[in-house]
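In what follows, a structure is listed as structure tokens, so that the remarks can point back to it.
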Amino acid sequence: MPKGIPNPAAMYGIYSRSWGFEVSIVRNGVRHHRLFGKASYGGAEQALLHAQDWRDHIVRSMPPQTRSERAEKQRTNNSTGVTGVFHHLAPNGRVRAWMAKTYIAPDEILRTDFSVADLGDDAQALAIQERARQLERMTGLARIHPAEEAIRMGLSAHAAGPRTAKRSKSEITRRNNTSGVSGVHFKTPNPSHPGYWLAITYTAGKGSVSKAFSVKTHGAEAAKSLAIAERASQLADKLRTEEEALAAGREASPALGRQSRGRAATASGAKRNNG
């Protein structure tokens with residue numbers, strides 16, 4: 001698509017925020033919502049691509065209700081217990097007729113009346129049957145936005161190129177960071193202290209690992225470089241620990257399954273022996 005011409009599907013369900021993008025789509029009364037921060041994805045371009053990918057997944061996997069399904073939803077003002085079926089009351093409060101009514105299109109409303117005087121108790125049942133026949137003529141999905149059709153047909157035009165992985169919180173460089181590297185900070189205990197560069201990494205549930213490099217001992221630039229290298233080493237250790245924990249979990253799962261099956265077999269054998 002030529003530059004400068006917005007794609008109608010590009011920003012459907014996506015809202016631009018100062019910190020990134022917010023995706024919000026409602027399906028059958030449930031809101032599907034996720035945030036994509038620029039800091040988490042290394043910039044606005046990648047944050048938007050990830051937001052569009054997630055939006056497209058929701059649109060394709062959760063289409064809106066069909067029009068007939070929506071037409072069958074019970075309204076709060078319905079007094080007959082059957083959607084699309086109404087009764088006409090006489091002045092004395094007795095039911096005079098039953099009516100089946102379905103809105104198909106602005107210029108097509110189906111309506112059939114069934115007189116109680118002519119049909120007796122069958123009038124209500126006939127109205128319910130007629131309503132079911134009317135719904136069969138109602139096709140398509142409810143409240144289709146043109147952008148959704150483009151997304152479901154694969155016509156949304158956002159880039160199909162590589163995606164950067166979401167950064168962990170420990171990898172995000174904060175606005176008050178003076179080193180330009182996340183987890184590396186310059187500290188001065190007091191105004192007369194020459195200061196030091198600190199490399200620190202947090203791990204959920206395990207606290208933090210940190211190491212300081214004195215400016216007095218190493219010099220300003222060398223201390224900073226040492227802290228940056230230490231930070232990279234800490235992150236590598238953290239990643240390795242997480243991968244080892246995942247691998248251990250995967251190995252434990254089959255073992256637990258075999259153990260459970262073993263217990264089941266033992267219990268079954270016990271029943272046969274006792275029997």
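Residue names in the structure tokens use chain letters A, B, ... in the order shown, residue numbers from 1 in each chain, and ligand numbers from 1 in the order shown.
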Counting only C-alpha atoms, which residues of range 7-62 of chain A fall within 12 Å of range 146-154 of chain A, and what is the closest atom pair for each with its distance in Å at one decimal, ordered by chain and rising number, as JSON lines?
```
{"residue": "A:Asn7", "atom": "CA", "partner": "A:Ala147", "partner_atom": "CA", "distance": 8.8}
{"residue": "A:Pro8", "atom": "CA", "partner": "A:Ala147", "partner_atom": "CA", "distance": 5.8}
{"residue": "A:Ala9", "atom": "CA", "partner": "A:Ala147", "partner_atom": "CA", "distance": 4.3}
{"residue": "A:Ala10", "atom": "CA", "partner": "A:Ala147", "partner_atom": "CA", "distance": 8.0}
{"residue": "A:Met11", "atom": "CA", "partner": "A:Ala147", "partner_atom": "CA", "distance": 8.9}
{"residue": "A:Tyr12", "atom": "CA", "partner": "A:Ala147", "partner_atom": "CA", "distance": 6.5}
{"residue": "A:Gly13", "atom": "CA", "partner": "A:Ala147", "partner_atom": "CA", "distance": 9.4}
{"residue": "A:Ile14", "atom": "CA", "partner": "A:Ala147", "partner_atom": "CA", "distance": 11.8}
{"residue": "A:Ile25", "atom": "CA", "partner": "A:Glu148", "partner_atom": "CA", "distance": 11.0}
{"residue": "A:Gln52", "atom": "CA", "partner": "A:Ile151", "partner_atom": "CA", "distance": 9.9}
{"residue": "A:Asp53", "atom": "CA", "partner": "A:Ile151", "partner_atom": "CA", "distance": 10.2}
{"residue": "A:Trp54", "atom": "CA", "partner": "A:Ile151", "partner_atom": "CA", "distance": 11.6}
{"residue": "A:Arg55", "atom": "CA", "partner": "A:Ile151", "partner_atom": "CA", "distance": 9.2}
{"residue": "A:Asp56", "atom": "CA", "partner": "A:Ile151", "partner_atom": "CA", "distance": 6.3}
{"residue": "A:His57", "atom": "CA", "partner": "A:Arg152", "partner_atom": "CA", "distance": 9.2}
{"residue": "A:Ile58", "atom": "CA", "partner": "A:Arg152", "partner_atom": "CA", "distance": 10.1}
{"residue": "A:Val59", "atom": "CA", "partner": "A:Glu148", "partner_atom": "CA", "distance": 6.7}
{"residue": "A:Arg60", "atom": "CA", "partner": "A:Arg152", "partner_atom": "CA", "distance": 5.4}
{"residue": "A:Ser61", "atom": "CA", "partner": "A:Arg152", "partner_atom": "CA", "distance": 9.1}
{"residue": "A:Met62", "atom": "CA", "partner": "A:Arg152", "partner_atom": "CA", "distance": 10.3}
```
> Got a sec: who's within 6 Å of Phe114 in chain A, counting only C-alpha atoms, leaving out chain neighbours fewer than 5 positions off, as a list in words?
Replying inline: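 Residues meeting the cut-off are Ala97, Trp98 and Ala123 of chain A.
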>> Give me, as a list in words, the residues of range 83-169 of chain A that a backbone DSSP run labels strand (DSSP E or B).
In response: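 Selecting the strand (DSSP E or B) positions of range 83-169 of chain A gives Val85, Phe86, His87, His88, Leu89, Val95, Arg96, Ala97, Trp98, Met99, Ala100, Lys101, Thr102, Tyr103, Ile104, Ala105, Glu108, Ile109, Leu110, Arg111, Thr112, Asp113, Phe114, Ser115 and Leu141 of chain A.
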Kindly save the residues from that selection, with N, CA, C and O atoms included, as an mmCIF file, in the first residue's frame.
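File result.cif, as written:
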```cif
data_model
loop_
_atom_site.group_PDB
_atom_site.id
_atom_site.type_symbol
_atom_site.label_atom_id
_atom_site.label_comp_id
_atom_site.auth_asym_id
_atom_site.auth_seq_id
_atom_site.Cartn_x
_atom_site.Cartn_y
_atom_site.Cartn_z
ATOM 1 N N VAL A 85 -40.736 -13.705 19.629
ATOM 2 C CA VAL A 85 -42.151 -14.103 19.720
ATOM 3 C C VAL A 85 -42.839 -13.190 20.734
ATOM 4 O O VAL A 85 -42.386 -13.053 21.869
ATOM 5 N N PHE A 86 -43.908 -12.565 20.294
ATOM 6 C CA PHE A 86 -44.613 -11.581 21.122
ATOM 7 C C PHE A 86 -46.102 -11.939 21.180
ATOM 8 O O PHE A 86 -46.607 -12.693 20.338
ATOM 9 N N HIS A 87 -46.785 -11.392 22.162
ATOM 10 C CA HIS A 87 -48.231 -11.615 22.202
ATOM 11 C C HIS A 87 -48.969 -10.279 22.215
ATOM 12 O O HIS A 87 -48.457 -9.268 22.697
ATOM 13 N N HIS A 88 -50.160 -10.284 21.638
ATOM 14 C CA HIS A 88 -51.057 -9.131 21.683
ATOM 15 C C HIS A 88 -52.103 -9.412 22.761
ATOM 16 O O HIS A 88 -52.719 -10.481 22.769
ATOM 17 N N LEU A 89 -52.271 -8.438 23.624
ATOM 18 C CA LEU A 89 -53.220 -8.618 24.713
ATOM 19 C C LEU A 89 -54.498 -7.827 24.453
ATOM 20 O O LEU A 89 -54.469 -6.709 23.936
ATOM 21 N N VAL A 95 -54.581 -13.069 26.153
ATOM 22 C CA VAL A 95 -53.794 -13.079 24.921
ATOM 23 C C VAL A 95 -54.734 -13.189 23.731
ATOM 24 O O VAL A 95 -55.544 -14.126 23.632
ATOM 25 N N ARG A 96 -54.627 -12.215 22.824
ATOM 26 C CA ARG A 96 -55.483 -12.185 21.645
ATOM 27 C C ARG A 96 -54.809 -12.855 20.453
ATOM 28 O O ARG A 96 -55.472 -13.470 19.617
ATOM 29 N N ALA A 97 -53.461 -12.744 20.368
ATOM 30 C CA ALA A 97 -52.727 -13.340 19.254
ATOM 31 C C ALA A 97 -51.255 -13.460 19.617
ATOM 32 O O ALA A 97 -50.748 -12.748 20.496
ATOM 33 N N TRP A 98 -50.586 -14.386 18.932
ATOM 34 C CA TRP A 98 -49.137 -14.546 19.064
ATOM 35 C C TRP A 98 -48.494 -14.133 17.736
ATOM 36 O O TRP A 98 -49.041 -14.392 16.672
ATOM 37 N N MET A 99 -47.323 -13.482 17.840
ATOM 38 C CA MET A 99 -46.675 -12.961 16.651
ATOM 39 C C MET A 99 -45.209 -13.377 16.619
ATOM 40 O O MET A 99 -44.510 -13.323 17.641
ATOM 41 N N ALA A 100 -44.728 -13.814 15.451
ATOM 42 C CA ALA A 100 -43.303 -14.080 15.211
ATOM 43 C C ALA A 100 -42.761 -12.941 14.351
ATOM 44 O O ALA A 100 -43.328 -12.635 13.303
ATOM 45 N N LYS A 101 -41.642 -12.336 14.804
ATOM 46 C CA LYS A 101 -41.120 -11.172 14.094
ATOM 47 C C LYS A 101 -39.599 -11.228 14.078
ATOM 48 O O LYS A 101 -38.961 -11.458 15.106
ATOM 49 N N THR A 102 -38.993 -11.000 12.904
ATOM 50 C CA THR A 102 -37.529 -11.037 12.757
ATOM 51 C C THR A 102 -37.093 -9.909 11.837
ATOM 52 O O THR A 102 -37.620 -9.761 10.736
ATOM 53 N N TYR A 103 -36.123 -9.152 12.305
ATOM 54 C CA TYR A 103 -35.537 -8.062 11.525
ATOM 55 C C TYR A 103 -34.421 -8.656 10.669
ATOM 56 O O TYR A 103 -33.366 -9.027 11.173
ATOM 57 N N ILE A 104 -34.631 -8.784 9.375
ATOM 58 C CA ILE A 104 -33.647 -9.355 8.469
ATOM 59 C C ILE A 104 -32.719 -8.285 7.913
ATOM 60 O O ILE A 104 -31.502 -8.437 7.872
ATOM 61 N N ALA A 105 -33.294 -7.170 7.491
ATOM 62 C CA ALA A 105 -32.541 -6.057 6.908
ATOM 63 C C ALA A 105 -33.401 -4.806 7.045
ATOM 64 O O ALA A 105 -34.598 -4.903 7.362
ATOM 65 N N GLU A 108 -36.416 -5.274 5.115
ATOM 66 C CA GLU A 108 -37.037 -6.598 5.175
ATOM 67 C C GLU A 108 -37.254 -7.030 6.626
ATOM 68 O O GLU A 108 -36.315 -7.430 7.312
ATOM 69 N N ILE A 109 -38.495 -6.920 7.067
ATOM 70 C CA ILE A 109 -38.876 -7.380 8.396
ATOM 71 C C ILE A 109 -39.945 -8.452 8.234
ATOM 72 O O ILE A 109 -41.001 -8.205 7.639
ATOM 73 N N LEU A 110 -39.673 -9.635 8.733
ATOM 74 C CA LEU A 110 -40.623 -10.735 8.626
ATOM 75 C C LEU A 110 -41.558 -10.716 9.827
ATOM 76 O O LEU A 110 -41.114 -10.586 10.969
ATOM 77 N N ARG A 111 -42.857 -10.864 9.571
ATOM 78 C CA ARG A 111 -43.836 -10.845 10.660
ATOM 79 C C ARG A 111 -45.037 -11.708 10.279
ATOM 80 O O ARG A 111 -45.572 -11.600 9.171
ATOM 81 N N THR A 112 -45.422 -12.571 11.204
ATOM 82 C CA THR A 112 -46.608 -13.402 11.004
ATOM 83 C C THR A 112 -47.392 -13.454 12.305
ATOM 84 O O THR A 112 -46.809 -13.683 13.376
ATOM 85 N N ASP A 113 -48.699 -13.235 12.223
ATOM 86 C CA ASP A 113 -49.568 -13.256 13.392
ATOM 87 C C ASP A 113 -50.399 -14.543 13.419
ATOM 88 O O ASP A 113 -50.815 -15.049 12.375
ATOM 89 N N PHE A 114 -50.653 -15.038 14.634
ATOM 90 C CA PHE A 114 -51.444 -16.258 14.823
ATOM 91 C C PHE A 114 -52.533 -15.962 15.851
ATOM 92 O O PHE A 114 -52.251 -15.761 17.044
ATOM 93 N N SER A 115 -53.772 -15.921 15.380
ATOM 94 C CA SER A 115 -54.905 -15.544 16.221
ATOM 95 C C SER A 115 -55.274 -16.681 17.172
ATOM 96 O O SER A 115 -55.435 -17.836 16.757
ATOM 97 N N LEU A 141 -22.371 -12.654 9.805
ATOM 98 C CA LEU A 141 -21.911 -12.395 11.159
ATOM 99 C C LEU A 141 -22.421 -11.049 11.654
ATOM 100 O O LEU A 141 -22.693 -10.141 10.879
#
```
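For the atom pair formed by CA of Lys166 in chain A and CA of Val30 in chain A, the distance is 25.7 Å, given to one decimal.
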>> To one decimal place in Å, what is the distance between CA of Lys211 in chain A and CA of Pro194 in chain A?
In response: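 Atom-to-atom, CA of Lys211 in chain A and CA of Pro194 in chain A are spaced 16.7 Å apart.
The space between CA of Arg240 in chain A and CA of Lys38 in chain A spans 26.1 Å.
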> Of the candidates A:Lys73, A:Thr66, A:Ala127, A:Thr83, which shows the shortest atom-to-atom distance to Thr139 in chain A, using only C-alpha atoms?
Replying inline: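 With only C-alpha atoms as the atom set, the closest residue is A:Thr66.
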> Leaving out Glu230 in chain A and any residue of its chain fewer than 2 positions from it, which residues lie within 10 Å of it when counting only C-alpha atoms, given as a ChimeraX atom specification?
Replying inline: /A:183-184,198-201,210-213,224-228,232-236
For the selection you just gave me, I'd like the residues written to a file as a PDB file, in the first residue's frame, keeping N, CA and C atoms.
```pdb
ATOM      1  N   GLY A 183      20.298  -2.205  34.139  1.00  0.00           N
ATOM      2  CA  GLY A 183      20.961  -2.912  35.229  1.00  0.00           C
ATOM      3  C   GLY A 183      22.336  -2.387  35.575  1.00  0.00           C
ATOM      4  N   VAL A 184      22.772  -1.312  34.935  1.00  0.00           N
ATOM      5  CA  VAL A 184      24.079  -0.703  35.234  1.00  0.00           C
ATOM      6  C   VAL A 184      23.839   0.734  35.684  1.00  0.00           C
ATOM      7  N   LEU A 198      27.678   0.132  39.306  1.00  0.00           N
ATOM      8  CA  LEU A 198      27.086  -1.071  39.891  1.00  0.00           C
ATOM      9  C   LEU A 198      26.341  -1.866  38.823  1.00  0.00           C
ATOM     10  N   ALA A 199      26.624  -3.155  38.759  1.00  0.00           N
ATOM     11  CA  ALA A 199      25.864  -4.076  37.893  1.00  0.00           C
ATOM     12  C   ALA A 199      24.961  -4.898  38.806  1.00  0.00           C
ATOM     13  N   ILE A 200      23.645  -4.886  38.533  1.00  0.00           N
ATOM     14  CA  ILE A 200      22.709  -5.586  39.407  1.00  0.00           C
ATOM     15  C   ILE A 200      21.622  -6.265  38.570  1.00  0.00           C
ATOM     16  N   THR A 201      21.284  -7.486  38.945  1.00  0.00           N
ATOM     17  CA  THR A 201      20.263  -8.262  38.236  1.00  0.00           C
ATOM     18  C   THR A 201      19.331  -8.911  39.247  1.00  0.00           C
ATOM     19  N   SER A 210      24.654  -8.598  42.601  1.00  0.00           N
ATOM     20  CA  SER A 210      25.226  -7.302  42.241  1.00  0.00           C
ATOM     21  C   SER A 210      26.745  -7.296  42.449  1.00  0.00           C
ATOM     22  N   LYS A 211      27.392  -6.409  41.707  1.00  0.00           N
ATOM     23  CA  LYS A 211      28.840  -6.243  41.853  1.00  0.00           C
ATOM     24  C   LYS A 211      29.190  -4.808  41.498  1.00  0.00           C
ATOM     25  N   ALA A 212      30.058  -4.191  42.349  1.00  0.00           N
ATOM     26  CA  ALA A 212      30.419  -2.784  42.158  1.00  0.00           C
ATOM     27  C   ALA A 212      31.856  -2.658  41.678  1.00  0.00           C
ATOM     28  N   PHE A 213      32.115  -1.599  40.896  1.00  0.00           N
ATOM     29  CA  PHE A 213      33.445  -1.325  40.362  1.00  0.00           C
ATOM     30  C   PHE A 213      33.782   0.130  40.659  1.00  0.00           C
ATOM     31  N   LYS A 224      33.010   1.635  34.380  1.00  0.00           N
ATOM     32  CA  LYS A 224      31.736   1.493  33.668  1.00  0.00           C
ATOM     33  C   LYS A 224      31.770   0.277  32.740  1.00  0.00           C
ATOM     34  N   SER A 225      32.848   0.110  32.009  1.00  0.00           N
ATOM     35  CA  SER A 225      32.962  -1.029  31.086  1.00  0.00           C
ATOM     36  C   SER A 225      32.919  -2.353  31.838  1.00  0.00           C
ATOM     37  N   LEU A 226      33.594  -2.402  32.981  1.00  0.00           N
ATOM     38  CA  LEU A 226      33.580  -3.622  33.796  1.00  0.00           C
ATOM     39  C   LEU A 226      32.173  -3.928  34.301  1.00  0.00           C
ATOM     40  N   ALA A 227      31.439  -2.882  34.677  1.00  0.00           N
ATOM     41  CA  ALA A 227      30.071  -3.070  35.165  1.00  0.00           C
ATOM     42  C   ALA A 227      29.161  -3.576  34.044  1.00  0.00           C
ATOM     43  N   ILE A 228      29.348  -3.045  32.835  1.00  0.00           N
ATOM     44  CA  ILE A 228      28.540  -3.493  31.691  1.00  0.00           C
ATOM     45  C   ILE A 228      28.828  -4.965  31.380  1.00  0.00           C
ATOM     46  N   ALA A 232      26.212  -8.259  31.675  1.00  0.00           N
ATOM     47  CA  ALA A 232      25.983  -9.259  30.629  1.00  0.00           C
ATOM     48  C   ALA A 232      26.197 -10.664  31.169  1.00  0.00           C
ATOM     49  N   SER A 233      27.209 -10.827  32.022  1.00  0.00           N
ATOM     50  CA  SER A 233      27.470 -12.140  32.619  1.00  0.00           C
ATOM     51  C   SER A 233      26.334 -12.549  33.549  1.00  0.00           C
ATOM     52  N   GLN A 234      25.819 -11.593  34.318  1.00  0.00           N
ATOM     53  CA  GLN A 234      24.699 -11.888  35.225  1.00  0.00           C
ATOM     54  C   GLN A 234      23.465 -12.325  34.448  1.00  0.00           C
ATOM     55  N   LEU A 235      23.169 -11.616  33.353  1.00  0.00           N
ATOM     56  CA  LEU A 235      22.002 -11.976  32.549  1.00  0.00           C
ATOM     57  C   LEU A 235      22.162 -13.357  31.920  1.00  0.00           C
ATOM     58  N   ALA A 236      23.396 -13.680  31.482  1.00  0.00           N
ATOM     59  CA  ALA A 236      23.642 -14.998  30.905  1.00  0.00           C
ATOM     60  C   ALA A 236      23.439 -16.086  31.954  1.00  0.00           C
TER      61      ALA A 236
END
```
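Distances to Ala132 in chain A were evaluated for A:Val82, A:Ala90, A:Val116, A:Val181 using only C-alpha atoms, and the minimum falls at A:Val82.
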>> Measuring between only C-alpha atoms, which one of A:Ala165, A:Asp121, A:Glu242, A:Ala220 shows the shortest distance to Thr203 in chain A?
In response: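 Closest to Thr203 in chain A of all the choices is A:Glu242.
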